[in-house]
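K.L.:
For reference, the file work02.txt (compact mmCIF, C-alpha atoms) is included below:
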```
# COMPACT_ATOMS: atom_id res chain seq x y z
CA MET P 1 0.00 0.00 0.00
CA SER P 2 1.20 3.47 -0.93
CA THR P 3 0.14 6.52 1.10
CA GLU P 4 1.56 9.03 -1.35
CA GLN P 5 -0.73 12.08 -1.39
CA GLN P 6 -2.65 13.18 -4.48
CA ASN P 7 -4.02 16.71 -4.81
CA LEU P 8 -7.76 17.21 -4.20
CA THR P 9 -7.81 20.75 -5.64
CA ASP P 10 -10.54 21.14 -8.27
CA ARG P 11 -11.46 17.47 -8.02
CA THR P 12 -15.19 16.78 -7.63
CA LEU P 13 -16.73 14.67 -4.89
CA VAL P 14 -20.31 13.35 -5.01
CA VAL P 15 -21.64 12.31 -1.60
CA SER P 16 -25.02 10.97 -0.47
CA GLY P 17 -26.73 11.82 2.80
CA ALA P 18 -24.54 14.84 3.44
CA SER P 19 -26.88 17.33 5.09
CA ARG P 20 -25.44 16.55 8.53
CA GLY P 21 -23.21 14.19 10.50
CA ILE P 22 -20.53 12.07 8.86
CA GLY P 23 -21.55 12.96 5.32
CA LEU P 24 -21.26 16.68 6.00
CA ALA P 25 -17.94 16.16 7.79
CA ILE P 26 -16.54 14.38 4.73
CA ALA P 27 -17.82 17.14 2.46
CA LEU P 28 -16.28 19.85 4.63
CA SER P 29 -12.92 18.10 4.92
CA ALA P 30 -12.75 17.58 1.16
CA ALA P 31 -13.72 21.20 0.50
CA ARG P 32 -10.96 22.44 2.82
CA ARG P 33 -8.55 20.40 0.69
CA GLY P 34 -9.77 22.18 -2.45
CA ALA P 35 -12.37 19.73 -3.74
CA ASN P 36 -15.72 20.68 -5.24
CA VAL P 37 -18.65 18.94 -3.56
CA VAL P 38 -22.05 17.84 -4.86
CA LEU P 39 -24.48 16.78 -2.15
CA LEU P 40 -27.49 14.50 -2.43
CA ALA P 41 -29.88 14.55 0.52
CA LYS P 42 -33.63 14.43 1.17
CA THR P 43 -33.67 17.14 3.82
CA ALA P 44 -34.67 20.37 2.12
CA GLN P 45 -36.60 21.76 5.10
CA PRO P 46 -35.48 21.78 8.76
CA HIS P 47 -36.39 18.63 10.66
CA PRO P 48 -37.97 19.14 14.10
CA ARG P 49 -35.42 16.86 15.79
CA LEU P 50 -32.44 16.81 13.43
CA PRO P 51 -30.26 19.83 12.60
CA GLY P 52 -29.22 20.78 9.10
CA THR P 53 -30.55 20.66 5.55
CA VAL P 54 -28.84 20.14 2.22
CA HIS P 55 -28.91 23.93 1.79
CA THR P 56 -27.28 24.69 5.15
CA ALA P 57 -24.65 22.08 4.28
CA VAL P 58 -23.80 23.99 1.09
CA ALA P 59 -23.61 27.21 3.09
CA ASP P 60 -21.22 25.54 5.58
CA ILE P 61 -18.99 24.29 2.76
CA GLU P 62 -18.88 27.69 1.09
CA ALA P 63 -18.13 29.33 4.44
CA ALA P 64 -15.15 26.96 4.70
CA GLY P 65 -13.89 28.27 1.35
CA GLY P 66 -15.19 25.45 -0.83
CA LYS P 67 -17.52 25.18 -3.80
CA ALA P 68 -20.67 23.10 -3.51
CA ALA P 69 -23.96 22.27 -5.21
CA ALA P 70 -27.04 20.70 -3.62
CA VAL P 71 -29.48 18.20 -5.07
CA VAL P 72 -32.61 17.48 -3.08
CA GLY P 73 -33.49 13.88 -3.76
CA ASP P 74 -33.66 10.26 -2.69
CA VAL P 75 -30.68 7.99 -3.29
CA ARG P 76 -33.15 5.14 -3.92
CA GLU P 77 -34.55 6.89 -6.99
CA GLU P 78 -32.69 6.53 -10.30
CA ALA P 79 -33.91 9.90 -11.56
CA ASP P 80 -32.62 11.71 -8.46
CA VAL P 81 -29.26 9.98 -8.70
CA ALA P 82 -29.06 10.92 -12.38
CA ARG P 83 -29.67 14.57 -11.41
CA VAL P 84 -26.72 14.44 -9.02
CA VAL P 85 -24.41 13.27 -11.78
CA GLU P 86 -25.81 15.84 -14.20
CA THR P 87 -25.35 18.60 -11.62
CA ALA P 88 -21.73 17.60 -10.97
CA LEU P 89 -20.92 17.60 -14.68
CA GLU P 90 -22.74 20.85 -15.43
CA ARG P 91 -21.29 22.71 -12.45
CA PHE P 92 -17.78 21.26 -12.22
CA GLY P 93 -17.21 19.22 -15.38
CA CYS P 94 -16.09 15.96 -13.78
CA ILE P 95 -16.60 13.35 -11.04
CA ASP P 96 -13.50 12.10 -9.23
CA TYR P 97 -14.89 10.61 -6.03
CA CYS P 98 -18.12 8.79 -5.21
CA VAL P 99 -18.88 8.62 -1.47
CA ASN P 100 -21.70 6.32 -0.38
CA ASN P 101 -22.66 7.71 3.00
CA ALA P 102 -26.48 7.60 3.08
CA SER P 103 -27.69 4.87 5.40
CA ALA P 104 -30.71 3.84 7.44
CA ILE P 105 -30.57 2.03 10.77
CA ALA P 106 -33.15 0.08 12.74
CA THR P 107 -31.94 -2.30 15.43
CA ASP P 108 -35.32 -3.65 16.60
CA PRO P 109 -35.45 -7.37 17.39
CA THR P 110 -36.55 -9.41 14.39
CA GLU P 111 -40.04 -10.12 15.73
CA LYS P 112 -40.62 -6.40 16.29
CA LEU P 113 -38.96 -5.09 13.14
CA SER P 114 -41.56 -3.94 10.63
CA ALA P 115 -41.33 -4.88 6.98
CA LYS P 116 -41.29 -1.16 6.22
CA LYS P 117 -38.12 -0.62 8.29
CA PHE P 118 -36.52 -3.73 6.84
CA ASP P 119 -37.20 -2.55 3.30
CA LEU P 120 -35.99 0.97 4.07
CA MET P 121 -32.60 -0.29 5.28
CA GLN P 122 -32.06 -2.58 2.31
CA GLN P 123 -33.20 0.05 -0.19
CA ILE P 124 -31.17 2.98 1.13
CA ASN P 125 -28.10 1.05 2.18
CA LEU P 126 -27.87 -1.43 -0.70
CA ARG P 127 -29.90 -0.05 -3.59
CA GLY P 128 -28.76 3.51 -2.92
CA THR P 129 -25.10 2.51 -2.82
CA PHE P 130 -25.50 0.56 -6.05
CA LEU P 131 -27.38 3.32 -7.89
CA LEU P 132 -25.03 6.15 -6.98
CA THR P 133 -21.90 4.15 -7.76
CA ARG P 134 -23.27 2.84 -11.05
CA ALA P 135 -24.17 6.38 -12.15
CA CYS P 136 -20.71 7.72 -11.27
CA LEU P 137 -18.65 4.91 -12.78
CA PRO P 138 -18.53 6.09 -16.42
CA HIS P 139 -17.13 9.42 -15.21
CA LEU P 140 -14.77 7.86 -12.67
CA ARG P 141 -13.18 6.02 -15.59
CA GLN P 142 -12.08 9.42 -16.92
CA ALA P 143 -10.75 10.74 -13.59
CA PRO P 144 -7.01 10.95 -12.85
CA ASN P 145 -7.31 9.38 -9.39
CA PRO P 146 -10.80 7.87 -9.07
CA HIS P 147 -12.17 6.55 -5.79
CA ILE P 148 -15.34 4.92 -4.53
CA LEU P 149 -15.62 5.21 -0.75
CA THR P 150 -18.43 3.55 1.20
CA ILE P 151 -19.22 4.13 4.86
CA ALA P 152 -19.49 0.48 5.80
CA PRO P 153 -17.81 -1.86 8.29
CA PRO P 154 -15.26 -4.63 7.95
CA LEU P 155 -16.91 -8.03 7.63
CA ASN P 156 -17.22 -9.65 11.04
CA THR P 157 -19.18 -12.89 11.40
CA SER P 158 -19.09 -12.84 15.19
CA PRO P 159 -22.45 -14.00 16.60
CA ARG P 160 -22.41 -10.81 18.67
CA TRP P 161 -23.13 -8.71 15.58
CA LEU P 162 -24.99 -11.26 13.51
CA GLY P 163 -27.36 -11.85 16.41
CA ALA P 164 -27.69 -8.29 17.68
CA HIS P 165 -29.53 -6.86 14.66
CA PRO P 166 -29.43 -9.30 11.70
CA SER P 167 -31.35 -7.11 9.26
CA TYR P 168 -29.25 -3.99 9.82
CA THR P 169 -26.08 -6.08 9.74
CA LEU P 170 -27.20 -7.59 6.44
CA SER P 171 -27.63 -4.14 4.89
CA LYS P 172 -24.27 -2.81 6.08
CA TYR P 173 -22.33 -5.94 5.16
CA GLY P 174 -24.05 -5.78 1.77
CA MET P 175 -22.58 -2.30 1.28
CA THR P 176 -19.17 -3.70 2.18
CA LEU P 177 -19.49 -6.66 -0.20
CA LEU P 178 -20.56 -4.44 -3.07
CA THR P 179 -17.58 -2.18 -2.51
CA LEU P 180 -15.05 -4.99 -2.23
CA GLY P 181 -16.59 -6.49 -5.35
CA TRP P 182 -16.12 -3.22 -7.23
CA ALA P 183 -12.48 -3.15 -6.13
CA ALA P 184 -11.99 -6.42 -8.01
CA GLU P 185 -14.30 -5.57 -10.92
CA TYR P 186 -12.64 -2.22 -11.64
CA ALA P 187 -9.05 -3.00 -10.69
CA ASP P 188 -7.94 -2.92 -14.33
CA ALA P 189 -9.64 0.46 -14.76
CA GLY P 190 -7.63 1.89 -11.87
CA ILE P 191 -10.72 2.81 -9.83
CA ALA P 192 -10.18 2.38 -6.11
CA ALA P 193 -13.08 1.04 -4.04
CA ASN P 194 -12.74 1.06 -0.26
CA CYS P 195 -14.83 1.13 2.89
CA LEU P 196 -14.39 3.37 5.92
CA TRP P 197 -15.78 2.74 9.40
CA PRO P 198 -15.34 4.53 12.73
CA GLN P 199 -13.29 2.99 15.52
CA THR P 200 -15.68 4.53 18.05
CA TYR P 201 -19.20 5.87 18.13
CA ILE P 202 -19.43 9.22 16.34
CA ALA P 203 -21.28 12.17 17.89
CA THR P 204 -24.14 12.48 15.40
CA SER P 205 -27.89 12.94 15.67
CA ALA P 206 -28.33 9.25 14.88
CA VAL P 207 -26.30 8.30 17.96
CA ALA P 208 -28.09 10.89 20.09
CA ASN P 209 -31.40 9.24 19.20
CA LEU P 210 -30.25 5.78 20.28
CA PRO P 211 -31.17 4.39 23.71
CA ASP P 212 -28.70 5.87 26.22
CA GLY P 213 -27.74 8.36 23.52
CA THR P 214 -26.71 11.07 25.99
CA ASN P 215 -24.08 8.85 27.59
CA LEU P 216 -22.92 7.58 24.20
CA LEU P 217 -22.34 11.14 22.97
CA GLU P 218 -20.05 11.92 25.91
CA SER P 219 -17.68 9.13 24.86
CA SER P 220 -18.04 9.55 21.10
CA ARG P 221 -15.60 11.22 18.74
CA SER P 222 -16.42 14.17 16.51
CA PRO P 223 -17.60 13.47 12.93
CA GLN P 224 -14.49 15.38 11.84
CA ILE P 225 -12.39 12.25 12.38
CA MET P 226 -14.38 10.47 9.68
CA GLY P 227 -14.11 13.51 7.41
CA ASP P 228 -10.35 13.72 7.80
CA ALA P 229 -9.91 9.95 7.41
CA ALA P 230 -12.02 9.98 4.25
CA THR P 231 -10.01 12.72 2.60
CA GLU P 232 -6.80 10.98 3.62
CA ILE P 233 -8.00 7.86 1.76
CA LEU P 234 -9.24 9.81 -1.26
CA SER P 235 -5.87 11.54 -1.56
CA ARG P 236 -4.03 8.22 -1.88
CA GLU P 237 -3.06 6.83 -5.27
CA ALA P 238 -6.06 4.79 -6.37
CA LYS P 239 -4.30 1.89 -8.10
CA PHE P 240 -2.28 1.09 -4.96
CA ASN P 241 -5.05 1.59 -2.40
CA THR P 242 -8.12 -0.47 -3.20
CA GLY P 243 -10.13 -3.32 -1.68
CA ASN P 244 -9.63 -2.16 1.91
CA THR P 245 -11.96 -1.81 4.88
CA TYR P 246 -10.31 1.09 6.66
CA ILE P 247 -10.88 2.19 10.26
CA ASP P 248 -10.79 5.97 10.70
CA ALA P 249 -8.13 6.11 13.41
CA THR P 250 -5.89 3.63 11.58
CA ALA P 251 -6.09 5.59 8.32
CA LEU P 252 -5.01 8.75 10.13
CA LEU P 253 -2.23 7.02 12.03
CA GLU P 254 -0.91 5.65 8.72
CA SER P 255 -0.72 9.22 7.45
CA GLY P 256 1.50 10.23 10.36
CA ARG P 257 -1.15 11.57 12.74
CA THR P 258 -0.18 10.37 16.21
CA ASP P 259 -2.52 12.47 18.36
CA LEU P 260 -6.27 12.01 17.86
CA SER P 261 -7.31 13.88 21.00
CA GLU P 262 -8.71 16.80 18.98
CA TYR P 263 -11.60 14.56 17.96
CA GLY P 264 -12.78 14.07 21.55
CA GLY P 265 -14.21 10.92 23.05
CA GLY P 266 -12.36 11.16 26.34
CA ALA P 267 -9.74 8.72 27.54
CA ASN P 268 -11.82 5.66 26.65
CA PRO P 269 -14.12 6.34 23.70
CA ILE P 270 -16.83 3.73 23.27
CA PRO P 271 -15.96 1.26 20.47
CA ASP P 272 -18.35 1.17 17.54
CA MET P 273 -20.30 -1.88 16.43
CA PHE P 274 -18.83 -4.63 14.20
CA LEU P 275 -15.24 -4.15 15.38
CA ASP P 276 -14.77 -6.74 18.12
```
When written as structure tokens, how does the structure in this file appear?
P.N.:
Amino acid sequence: MSTEQQNLTDRTLVVSGASRGIGLAIALSAARRGANVVLLAKTAQPHPRLPGTVHTAVADIEAAGGKAAAVVGDVREEADVARVVETALERFGCIDYCVNNASAIATDPTEKLSAKKFDLMQQINLRGTFLLTRACLPHLRQAPNPHILTIAPPLNTSPRWLGAHPSYTLSKYGMTLLTLGWAAEYADAGIAANCLWPQTYIATSAVANLPDGTNLLESSRSPQIMGDAATEILSREAKFNTGNTYIDATALLESGRTDLSEYGGGANPIPDMFLD
């Protein structure tokens, strides 16, 4: 593996689910490194319990000195995904990075999990990842250092995770398998395909809404660690860095970062799911 840095200046990143949380952190980190960002998210109007919209995300990116465009849409819908690609090409002329961040989570026990929630997870997590990547691929073929990056965990068949929430686990591992499959399928084209997952819980609205969310937030790291880890991966030479399931802290340590205290989490941040 080579960690030689490639320039992100004037490269274009397409990212799903980026109105808040990890997706927004990735967009902001890439913009600070000079990348253009095209966001796809459903949230056009403020949510009563969740901060941020796709429009406030664009404002945040521009305030950080970046260039951004917003597309209000659903990653499950082919027409919306097509509009994202069209917007990226019309506004910035290229697509260099495809980031599959949009994801749904429901950890109800199987007997209590509704078919609607089950379908939502499979459709957003799997179908959405497939649709966005497929739409970007013809343009990634033309990019000088093309990357697909999916926010999905390393494969772990421990009964702890298979038994805790089988349907959610299925959807996330499906995202991982798709991405590792693309790494093999597009190796000759020089398109990198990798996954990124947090070492600890990340302080997002999704975590805050979990049972015991208040306590989890106190020992969670900032979304910025995922943003910085993502841009570190995207800056690596694609043909030498593909088929990996990266952990955020490890990716940063590989780049020479030895102190991660700026991301918070206290002395003993709570490990995330799927890692042990």
K.L.:
Starting from the point (-21.6, -5.1, 6.2), work out which residues of protein, DNA or RNA have an atom no more than 9 Å away when counting all atoms listed in the file; state them as a list in words.
P.N.:
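Protein, DNA and RNA residues close to (-21.6, -5.1, 6.2): Ala152, Pro153, Pro154, Leu155, Asn156, Tyr168, Thr169, Leu170, Ser171, Lys172, Tyr173, Gly174, Met175, Thr176, Leu177 and Phe274 of chain P.
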K.L.:
Please produce a file of the residues just selected, as a PDB file, keeping the file's coordinate frame, where the atoms kept are C-alpha atoms.
P.N.:
```pdb
ATOM      1  CA  ALA P 152     -19.490   0.480   5.800  1.00  0.00           C
ATOM      2  CA  PRO P 153     -17.810  -1.860   8.290  1.00  0.00           C
ATOM      3  CA  PRO P 154     -15.260  -4.630   7.950  1.00  0.00           C
ATOM      4  CA  LEU P 155     -16.910  -8.030   7.630  1.00  0.00           C
ATOM      5  CA  ASN P 156     -17.220  -9.650  11.040  1.00  0.00           C
ATOM      6  CA  TYR P 168     -29.250  -3.990   9.820  1.00  0.00           C
ATOM      7  CA  THR P 169     -26.080  -6.080   9.740  1.00  0.00           C
ATOM      8  CA  LEU P 170     -27.200  -7.590   6.440  1.00  0.00           C
ATOM      9  CA  SER P 171     -27.630  -4.140   4.890  1.00  0.00           C
ATOM     10  CA  LYS P 172     -24.270  -2.810   6.080  1.00  0.00           C
ATOM     11  CA  TYR P 173     -22.330  -5.940   5.160  1.00  0.00           C
ATOM     12  CA  GLY P 174     -24.050  -5.780   1.770  1.00  0.00           C
ATOM     13  CA  MET P 175     -22.580  -2.300   1.280  1.00  0.00           C
ATOM     14  CA  THR P 176     -19.170  -3.700   2.180  1.00  0.00           C
ATOM     15  CA  LEU P 177     -19.490  -6.660  -0.200  1.00  0.00           C
ATOM     16  CA  PHE P 274     -18.830  -4.630  14.200  1.00  0.00           C
TER      17      PHE P 274
END
```
K.L.:
As an MDAnalysis selection string, please: the residues near Gly128 of chain P (cut-off 9 Å, only C-alpha atoms, same-chain neighbours under 5 positions excluded).
P.N.:
chainID P and resid 16 74:78 81 100 102:103 122:123 133
K.L.:
Taking into account only C-alpha atoms, which residue in the set P:Ile124, P:Val54, P:Ala30, P:Ala88 is nearest to Ala104 of chain P?
P.N.:
P:Ile124
K.L.:
Could you pull out every residue with an atom within 12 Å of (-15.3, 17.5, -4.6), file coordinates, counting all atoms listed in the file, and send them as a PyMOL selection string?
P.N.:
chain P and resi 7-15+26-39+61+66-69+88-89+91-99+146-147+231+234-235
K.L.:
Pick the closest to Leu24 of chain P from P:Gly227, P:Pro138, P:Pro198, P:Pro269: which is it, counting all atoms listed in the file?
P.N.:
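Going through P:Gly227, P:Pro138, P:Pro198, P:Pro269 one by one, the smallest distance to Leu24 of chain P is for P:Gly227.
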K.L.:
For Ala187 of chain P, which residue out of P:Thr107, P:Ser167, P:Gln142, P:Thr242 is the nearest one, using all atoms listed in the file?
P.N.:
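Of all the options, P:Thr242 lies closest to Ala187 of chain P.
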K.L.:
Which is closest to Asn268 of chain P among P:Asn101, P:Gln5, P:Asn145, P:Gln199, if we use only C-alpha atoms?
P.N.:
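Closest residue, counting only C-alpha atoms: P:Gln199.
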K.L.:
Can you list, as number ranges by chain, every protein, DNA or RNA residue that comes within 10 Å of Ala230 of chain P when you count only C-alpha atoms, leaving out same-chain residues fewer than 6 positions away?
P.N.:
P: 22, 25-27, 29-30, 99, 149-151, 195-197, 224, 246-248, 251-252
K.L.:
With distances taken over all atoms listed in the file, which of P:Trp161, P:Tyr186, P:Tyr263, P:Phe240 is nearest to Ile225 of chain P?
P.N.:
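Using all atoms listed in the file, the shortest distance to Ile225 of chain P belongs to P:Tyr263.
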K.L.:
So, with all atoms listed in the file as the atoms that count, which of P:Asn215, P:Thr258, P:Asn194, P:Thr43 lies closest to Trp182 of chain P?
P.N.:
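Closest to Trp182 of chain P, using all atoms listed in the file: P:Asn194.
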K.L.:
Can you tell me how far atom CA of Ala59 of chain P sits from atom CA of Gly17 of chain P, in Å to one decimal?
P.N.:
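Between atom CA of Ala59 of chain P and atom CA of Gly17 of chain P the gap is 15.7 Å.
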K.L.:
One decimal, in Å: what's the spacing between atom CA of Ala70 of chain P and atom CA of Lys117 of chain P?
P.N.:
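Atom CA of Ala70 of chain P sits 26.8 Å away from atom CA of Lys117 of chain P.
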K.L.:
If I wrap all listed atoms of segment 18-31 of chain P in a box with edges along x, y and z and add 8 Å on each side, what are its centre and edge lengths in Å to one decimal, as JSON?
P.N.:
```
{"center_x": -19.8, "center_y": 16.6, "center_z": 5.5, "size_x": 30.1, "size_y": 25.1, "size_z": 26.0}
```
